[in-house]
Amino acid sequence: MGLSRIATVAAHFGRDLTFGLGRVAALAEEARQARAAVLVLPDGTLGGSFTDFGRADPEHLAPALDPDGPEVRAVVKLAADLVVCFGYTEAGEHGERYSAAACVSGDGVLGRHRKVYLSAAEAVYRKPGPGFAAFDTPAGRLGMLVDYEKAFPEPAHGLAADGAGILACLCSWATGSRTPTRARDRQARLFDVYDCVRAAENQVVFVSANQAGVLHGTRFLGSAKVVGPDGTTRARTGSRAGLVIAEIDVDEEITTTRRARHHLEERKLESCVSAPHSNEAG
């Protein structure tokens, strides 16, 4: 594929769909002017993210959108020549709700994902998706994760094993509730650690987008970043809203990183599961 310019965003998206689409239009144009090929937006780009994790307040739920409805079609139009990943709450066929992500270009929807790993609060109002699958895009093979899913090694590994060279992680990751500074914030530390570890252990490009600002009392971290397959951060926004771009030759860097140690080929999952020990004398 050669050099690709990958853009990621820390930005505030709330419940106002018209405002959200306007912000998508502005960010897509900024990425296009910077000659980006990929733009990753946060969880809850359309309609805002899940908030009030401690009590799952039904008054603050995001609007549930038709996956083929006018809002998604609007993002397809705005994407044009870009590959754009964005998040929203998806309405199921029988009234169920999902935390969802879609990847689109001007040609239409390239891939979809429904969040599988739900917190206990989310599970009250949302259903888990069926699993993870990579898909082909004009910018290469890509896989998507939503927020909390990056805390677990299996989803990212499965997508990498399915051929994804780019993992887009769409987040609405909040700060710790009683932590006065970012340097002492456990959630901020974990957010950054997971980004770098998932990139390094799978030897892929990991692109993390996140909400910024405050929604219904929940303060989000920002800290969008692009991490190379060697685990080093190539670009990041910090805690404030913004768009950053990293220029990476995805295929070349993955090939180079895996030349000495190919984690996917050398991993031995069967050795990680031990037979239960018996207390009985043999």
# chains A, B, ... in the order shown; residues from 1 in each chain; ligands from 1

call {"tool": "select_by_dssp", "arguments": {"residues": "stretch 204-270 of chain A", "states": "strand (DSSP E or B)", "output": "JSON list (two decimals) with N, CA and C atoms, in the first residue's frame"}}
result
[["chain", "number", "residue", "atom", "x", "y", "z"],
["A", 205, "VAL", "N", -0.76, -1.68, 13.51],
["A", 205, "VAL", "CA", -0.98, -0.26, 13.77],
["A", 205, "VAL", "C", -2.28, -0.13, 14.57],
["A", 206, "PHE", "N", -2.20, 0.50, 15.72],
["A", 206, "PHE", "CA", -3.35, 0.64, 16.61],
["A", 206, "PHE", "C", -3.74, 2.11, 16.64],
["A", 207, "VAL", "N", -4.98, 2.40, 16.24],
["A", 207, "VAL", "CA", -5.46, 3.78, 16.14],
["A", 207, "VAL", "C", -6.57, 3.98, 17.15],
["A", 208, "SER", "N", -6.32, 4.83, 18.14],
["A", 208, "SER", "CA", -7.24, 5.00, 19.25],
["A", 208, "SER", "C", -7.86, 6.40, 19.17],
["A", 209, "ALA", "N", -9.19, 6.47, 19.02],
["A", 209, "ALA", "CA", -9.92, 7.74, 19.08],
["A", 209, "ALA", "C", -10.71, 7.78, 20.37],
["A", 210, "ASN", "N", -10.99, 8.98, 20.87],
["A", 210, "ASN", "CA", -11.71, 9.05, 22.14],
["A", 210, "ASN", "C", -12.55, 10.33, 22.22],
["A", 211, "GLN", "N", -13.60, 10.23, 23.03],
["A", 211, "GLN", "CA", -14.37, 11.41, 23.36],
["A", 211, "GLN", "C", -13.51, 12.35, 24.22],
["A", 212, "ALA", "N", -13.84, 13.64, 24.14],
["A", 212, "ALA", "CA", -13.21, 14.65, 25.00],
["A", 212, "ALA", "C", -14.32, 15.48, 25.63],
["A", 213, "GLY", "N", -13.96, 16.22, 26.66],
["A", 213, "GLY", "CA", -14.95, 17.08, 27.31],
["A", 213, "GLY", "C", -15.84, 16.33, 28.28],
["A", 214, "VAL", "N", -17.03, 16.87, 28.55],
["A", 214, "VAL", "CA", -17.93, 16.35, 29.58],
["A", 214, "VAL", "C", -19.30, 16.13, 28.98],
["A", 215, "LEU", "N", -19.91, 14.97, 29.30],
["A", 215, "LEU", "CA", -21.28, 14.68, 28.89],
["A", 215, "LEU", "C", -22.03, 14.11, 30.09],
["A", 218, "THR", "N", -19.99, 13.00, 33.04],
["A", 218, "THR", "CA", -18.86, 12.10, 32.77],
["A", 218, "THR", "C", -17.79, 12.87, 32.00],
["A", 219, "ARG", "N", -16.58, 12.90, 32.53],
["A", 219, "ARG", "CA", -15.46, 13.59, 31.89],
["A", 219, "ARG", "C", -14.60, 12.58, 31.14],
["A", 220, "PHE", "N", -14.35, 12.86, 29.87],
["A", 220, "PHE", "CA", -13.59, 11.93, 29.03],
["A", 220, "PHE", "C", -12.14, 12.38, 28.88],
["A", 221, "LEU", "N", -11.28, 11.40, 28.58],
["A", 221, "LEU", "CA", -9.84, 11.61, 28.63],
["A", 221, "LEU", "C", -9.24, 12.30, 27.41],
["A", 225, "LYS", "N", -4.62, 8.63, 19.73],
["A", 225, "LYS", "CA", -3.24, 8.39, 19.31],
["A", 225, "LYS", "C", -3.15, 7.34, 18.21],
["A", 226, "VAL", "N", -2.03, 7.35, 17.51],
["A", 226, "VAL", "CA", -1.67, 6.30, 16.55],
["A", 226, "VAL", "C", -0.40, 5.64, 17.07],
["A", 227, "VAL", "N", -0.44, 4.31, 17.20],
["A", 227, "VAL", "CA", 0.70, 3.55, 17.72],
["A", 227, "VAL", "C", 1.18, 2.60, 16.63],
["A", 233, "THR", "N", 4.33, 5.31, 20.19],
["A", 233, "THR", "CA", 3.30, 6.26, 19.79],
["A", 233, "THR", "C", 3.84, 7.21, 18.74],
["A", 234, "ARG", "N", 3.15, 7.29, 17.60],
["A", 234, "ARG", "CA", 3.61, 8.11, 16.48],
["A", 234, "ARG", "C", 2.96, 9.49, 16.47],
["A", 235, "ALA", "N", 1.76, 9.60, 17.03],
["A", 235, "ALA", "CA", 1.08, 10.89, 17.11],
["A", 235, "ALA", "C", 0.02, 10.78, 18.19],
["A", 236, "ARG", "N", -0.23, 11.89, 18.92],
["A", 236, "ARG", "CA", -1.26, 11.87, 19.96],
["A", 236, "ARG", "C", -1.79, 13.28, 20.19],
["A", 242, "GLY", "N", -8.75, 17.51, 19.50],
["A", 242, "GLY", "CA", -7.89, 17.78, 18.36],
["A", 242, "GLY", "C", -7.83, 16.60, 17.41],
["A", 243, "LEU", "N", -7.21, 16.80, 16.28],
["A", 243, "LEU", "CA", -6.97, 15.77, 15.27],
["A", 243, "LEU", "C", -5.48, 15.68, 15.03],
["A", 244, "VAL", "N", -4.96, 14.45, 15.02],
["A", 244, "VAL", "CA", -3.54, 14.24, 14.73],
["A", 244, "VAL", "C", -3.40, 13.21, 13.62],
["A", 245, "ILE", "N", -2.26, 13.27, 12.95],
["A", 245, "ILE", "CA", -2.01, 12.38, 11.81],
["A", 245, "ILE", "C", -0.63, 11.76, 11.94],
["A", 246, "ALA", "N", -0.55, 10.47, 11.66],
["A", 246, "ALA", "CA", 0.73, 9.77, 11.57],
["A", 246, "ALA", "C", 0.88, 9.21, 10.16],
["A", 247, "GLU", "N", 2.04, 9.35, 9.59],
["A", 247, "GLU", "CA", 2.32, 8.78, 8.27],
["A", 247, "GLU", "C", 3.07, 7.46, 8.45],
["A", 248, "ILE", "N", 2.45, 6.38, 8.03],
["A", 248, "ILE", "CA", 3.00, 5.04, 8.26],
["A", 248, "ILE", "C", 2.85, 4.20, 7.01],
["A", 249, "ASP", "N", 3.90, 3.48, 6.65],
["A", 249, "ASP", "CA", 3.79, 2.44, 5.64],
["A", 249, "ASP", "C", 3.39, 1.17, 6.39]]

call {"tool": "residues_around", "arguments": {"residues": "A:Gly69", "least_positions_apart": "2", "cutoff": "12 Å", "atoms": "only C-alpha atoms", "output": "list in words"}}
result
Leu46, Ala64, Leu65, Asp66, Pro67, Glu71, Val72, Arg73, Ala74, Val75, Val76, Tyr88, Glu90, Ala91 and Val109 of chain A

call {"tool": "atom_distance", "arguments": {"atom1": "atom CA of A:Ala102", "atom2": "atom CA of A:Phe86"}}
result
5.7 Å

call {"tool": "closest_residue", "arguments": {"among": "A:Ala241, A:Tyr117, A:Cys196, A:Ala168", "to": "A:Leu27", "atoms": "only C-alpha atoms"}}
result
A:Ala241

call {"tool": "closest_residue", "arguments": {"among": "A:Pro128, A:Gly222, A:Gly140, A:Gly14", "to": "A:Gly44", "atoms": "only C-alpha atoms"}}
result
A:Gly14

call {"tool": "select_by_dssp", "arguments": {"residues": "stretch 48-247 of chain A", "states": "alpha helix (DSSP H)", "output": "ChimeraX atom specification"}}
result
/A:70-79,122-125,153-161,186-202

call {"tool": "write_last_selection", "arguments": {"atoms": "N, CA and C atoms", "output": "tab-separated table (two decimals), in the first residue's frame"}}
result
chain	number	residue	atom	x	y	z
A	70	PRO	N	-30.70	7.48	7.75
A	70	PRO	CA	-30.19	8.72	7.14
A	70	PRO	C	-28.90	9.24	7.77
A	71	GLU	N	-28.72	9.01	9.08
A	71	GLU	CA	-27.51	9.51	9.72
A	71	GLU	C	-26.27	8.77	9.23
A	72	VAL	N	-26.37	7.45	9.13
A	72	VAL	CA	-25.25	6.66	8.63
A	72	VAL	C	-24.99	7.00	7.16
A	73	ARG	N	-26.05	7.15	6.38
A	73	ARG	CA	-25.88	7.52	4.97
A	73	ARG	C	-25.22	8.89	4.82
A	74	ALA	N	-25.51	9.78	5.77
A	74	ALA	CA	-24.88	11.11	5.73
A	74	ALA	C	-23.37	11.01	5.93
A	75	VAL	N	-22.94	10.13	6.84
A	75	VAL	CA	-21.50	9.96	7.06
A	75	VAL	C	-20.84	9.34	5.82
A	76	VAL	N	-21.53	8.41	5.18
A	76	VAL	CA	-21.02	7.83	3.93
A	76	VAL	C	-20.75	8.95	2.92
A	77	LYS	N	-21.68	9.86	2.78
A	77	LYS	CA	-21.52	10.97	1.83
A	77	LYS	C	-20.37	11.88	2.24
A	78	LEU	N	-20.26	12.17	3.53
A	78	LEU	CA	-19.20	13.04	4.02
A	78	LEU	C	-17.81	12.40	3.86
A	79	ALA	N	-17.76	11.06	3.96
A	79	ALA	CA	-16.47	10.36	3.85
A	79	ALA	C	-15.84	10.56	2.49
A	122	GLU	N	-23.61	-1.13	31.21
A	122	GLU	CA	-24.04	-1.15	29.81
A	122	GLU	C	-24.98	-2.31	29.52
A	123	ALA	N	-24.68	-3.45	30.13
A	123	ALA	CA	-25.46	-4.66	29.84
A	123	ALA	C	-26.91	-4.55	30.27
A	124	VAL	N	-27.24	-3.58	31.12
A	124	VAL	CA	-28.63	-3.38	31.52
A	124	VAL	C	-29.46	-2.90	30.34
A	125	TYR	N	-28.85	-2.06	29.48
A	125	TYR	CA	-29.60	-1.43	28.40
A	125	TYR	C	-29.12	-1.82	27.00
A	153	PRO	N	-6.96	-9.05	25.63
A	153	PRO	CA	-6.06	-9.38	24.52
A	153	PRO	C	-6.73	-10.12	23.37
A	154	GLU	N	-7.77	-10.91	23.64
A	154	GLU	CA	-8.33	-11.79	22.61
A	154	GLU	C	-8.93	-11.06	21.41
A	155	PRO	N	-9.73	-9.99	21.61
A	155	PRO	CA	-10.32	-9.33	20.43
A	155	PRO	C	-9.27	-8.79	19.46
A	156	ALA	N	-8.28	-8.08	19.97
A	156	ALA	CA	-7.25	-7.53	19.10
A	156	ALA	C	-6.46	-8.65	18.43
A	157	HIS	N	-6.15	-9.70	19.19
A	157	HIS	CA	-5.42	-10.83	18.60
A	157	HIS	C	-6.22	-11.49	17.49
A	158	GLY	N	-7.52	-11.68	17.73
A	158	GLY	CA	-8.35	-12.31	16.72
A	158	GLY	C	-8.41	-11.52	15.44
A	159	LEU	N	-8.50	-10.20	15.55
A	159	LEU	CA	-8.54	-9.35	14.37
A	159	LEU	C	-7.20	-9.38	13.63
A	160	ALA	N	-6.11	-9.35	14.38
A	160	ALA	CA	-4.80	-9.45	13.74
A	160	ALA	C	-4.62	-10.79	13.03
A	161	ALA	N	-5.08	-11.87	13.67
A	161	ALA	CA	-5.01	-13.19	13.05
A	161	ALA	C	-5.89	-13.27	11.82
A	186	ARG	N	-5.68	6.63	37.22
A	186	ARG	CA	-5.50	5.23	36.83
A	186	ARG	C	-6.09	4.96	35.45
A	187	GLN	N	-7.25	5.53	35.16
A	187	GLN	CA	-7.89	5.29	33.87
A	187	GLN	C	-7.07	5.87	32.71
A	188	ALA	N	-6.45	7.01	32.94
A	188	ALA	CA	-5.60	7.60	31.91
A	188	ALA	C	-4.39	6.70	31.64
A	189	ARG	N	-3.83	6.17	32.71
A	189	ARG	CA	-2.66	5.29	32.55
A	189	ARG	C	-3.04	4.01	31.81
A	190	LEU	N	-4.16	3.41	32.19
A	190	LEU	CA	-4.59	2.18	31.52
A	190	LEU	C	-4.92	2.41	30.05
A	191	PHE	N	-5.58	3.53	29.76
A	191	PHE	CA	-5.92	3.85	28.38
A	191	PHE	C	-4.68	3.84	27.50
A	192	ASP	N	-3.62	4.50	27.96
A	192	ASP	CA	-2.38	4.58	27.17
A	192	ASP	C	-1.66	3.24	27.11
A	193	VAL	N	-1.64	2.53	28.22
A	193	VAL	CA	-0.96	1.23	28.25
A	193	VAL	C	-1.62	0.25	27.28
A	194	TYR	N	-2.95	0.16	27.31
A	194	TYR	CA	-3.64	-0.78	26.42
A	194	TYR	C	-3.35	-0.47	24.96
A	195	ASP	N	-3.35	0.82	24.59
A	195	ASP	CA	-3.08	1.18	23.20
A	195	ASP	C	-1.72	0.63	22.74
A	196	CYS	N	-0.70	0.87	23.56
A	196	CYS	CA	0.65	0.46	23.16
A	196	CYS	C	0.84	-1.05	23.22
A	197	VAL	N	0.29	-1.68	24.24
A	197	VAL	CA	0.44	-3.13	24.38
A	197	VAL	C	-0.28	-3.86	23.25
A	198	ARG	N	-1.50	-3.47	22.91
A	198	ARG	CA	-2.24	-4.16	21.84
A	198	ARG	C	-1.52	-4.01	20.51
A	199	ALA	N	-0.91	-2.86	20.27
A	199	ALA	CA	-0.14	-2.69	19.04
A	199	ALA	C	1.08	-3.60	19.05
A	200	ALA	N	1.84	-3.59	20.15
A	200	ALA	CA	3.11	-4.33	20.20
A	200	ALA	C	2.90	-5.84	20.22
A	201	GLU	N	1.92	-6.33	20.98
A	201	GLU	CA	1.78	-7.78	21.09
A	201	GLU	C	1.26	-8.40	19.79
A	202	ASN	N	0.49	-7.61	19.01
A	202	ASN	CA	-0.03	-8.12	17.74
A	202	ASN	C	0.74	-7.61	16.53

call {"tool": "residues_around", "arguments": {"residues": "A:Thr256", "least_positions_apart": "5", "cutoff": "12 Å", "atoms": "only C-alpha atoms", "output": "list in words"}}
result
Gln203, Val204, Gly228, Pro229, Asp230, Asp249, Val250, Asp251, Arg261 and His262 of chain A

call {"tool": "closest_residue", "arguments": {"among": "A:Asp136, A:Asp43, A:Glu93, A:Asp81", "to": "A:Lys115", "atoms": "only C-alpha atoms"}}
result
A:Asp43

call {"tool": "atom_distance", "arguments": {"atom1": "atom CA of A:Pro42", "atom2": "atom CA of A:Arg184"}}
result
23.9 Å

call {"tool": "closest_residue", "arguments": {"among": "A:Ser172, A:Thr255, A:Thr18, A:Ser119", "to": "A:Leu41", "atoms": "only C-alpha atoms"}}
result
A:Ser172

call {"tool": "closest_residue", "arguments": {"among": "A:Val84, A:Ala260, A:Val104, A:Leu17", "to": "A:Arg32", "atoms": "only C-alpha atoms"}}
result
A:Val84

call {"tool": "atom_distance", "arguments": {"atom1": "atom CA of A:Arg259", "atom2": "atom CA of A:Ala37"}}
result
26.2 Å

call {"tool": "residues_around", "arguments": {"residues": "A:Phe13", "least_positions_apart": "4", "cutoff": "6 Å", "atoms": "only C-alpha atoms", "output": "PyMOL selection string"}}
result
chain A and resi 20+45+48
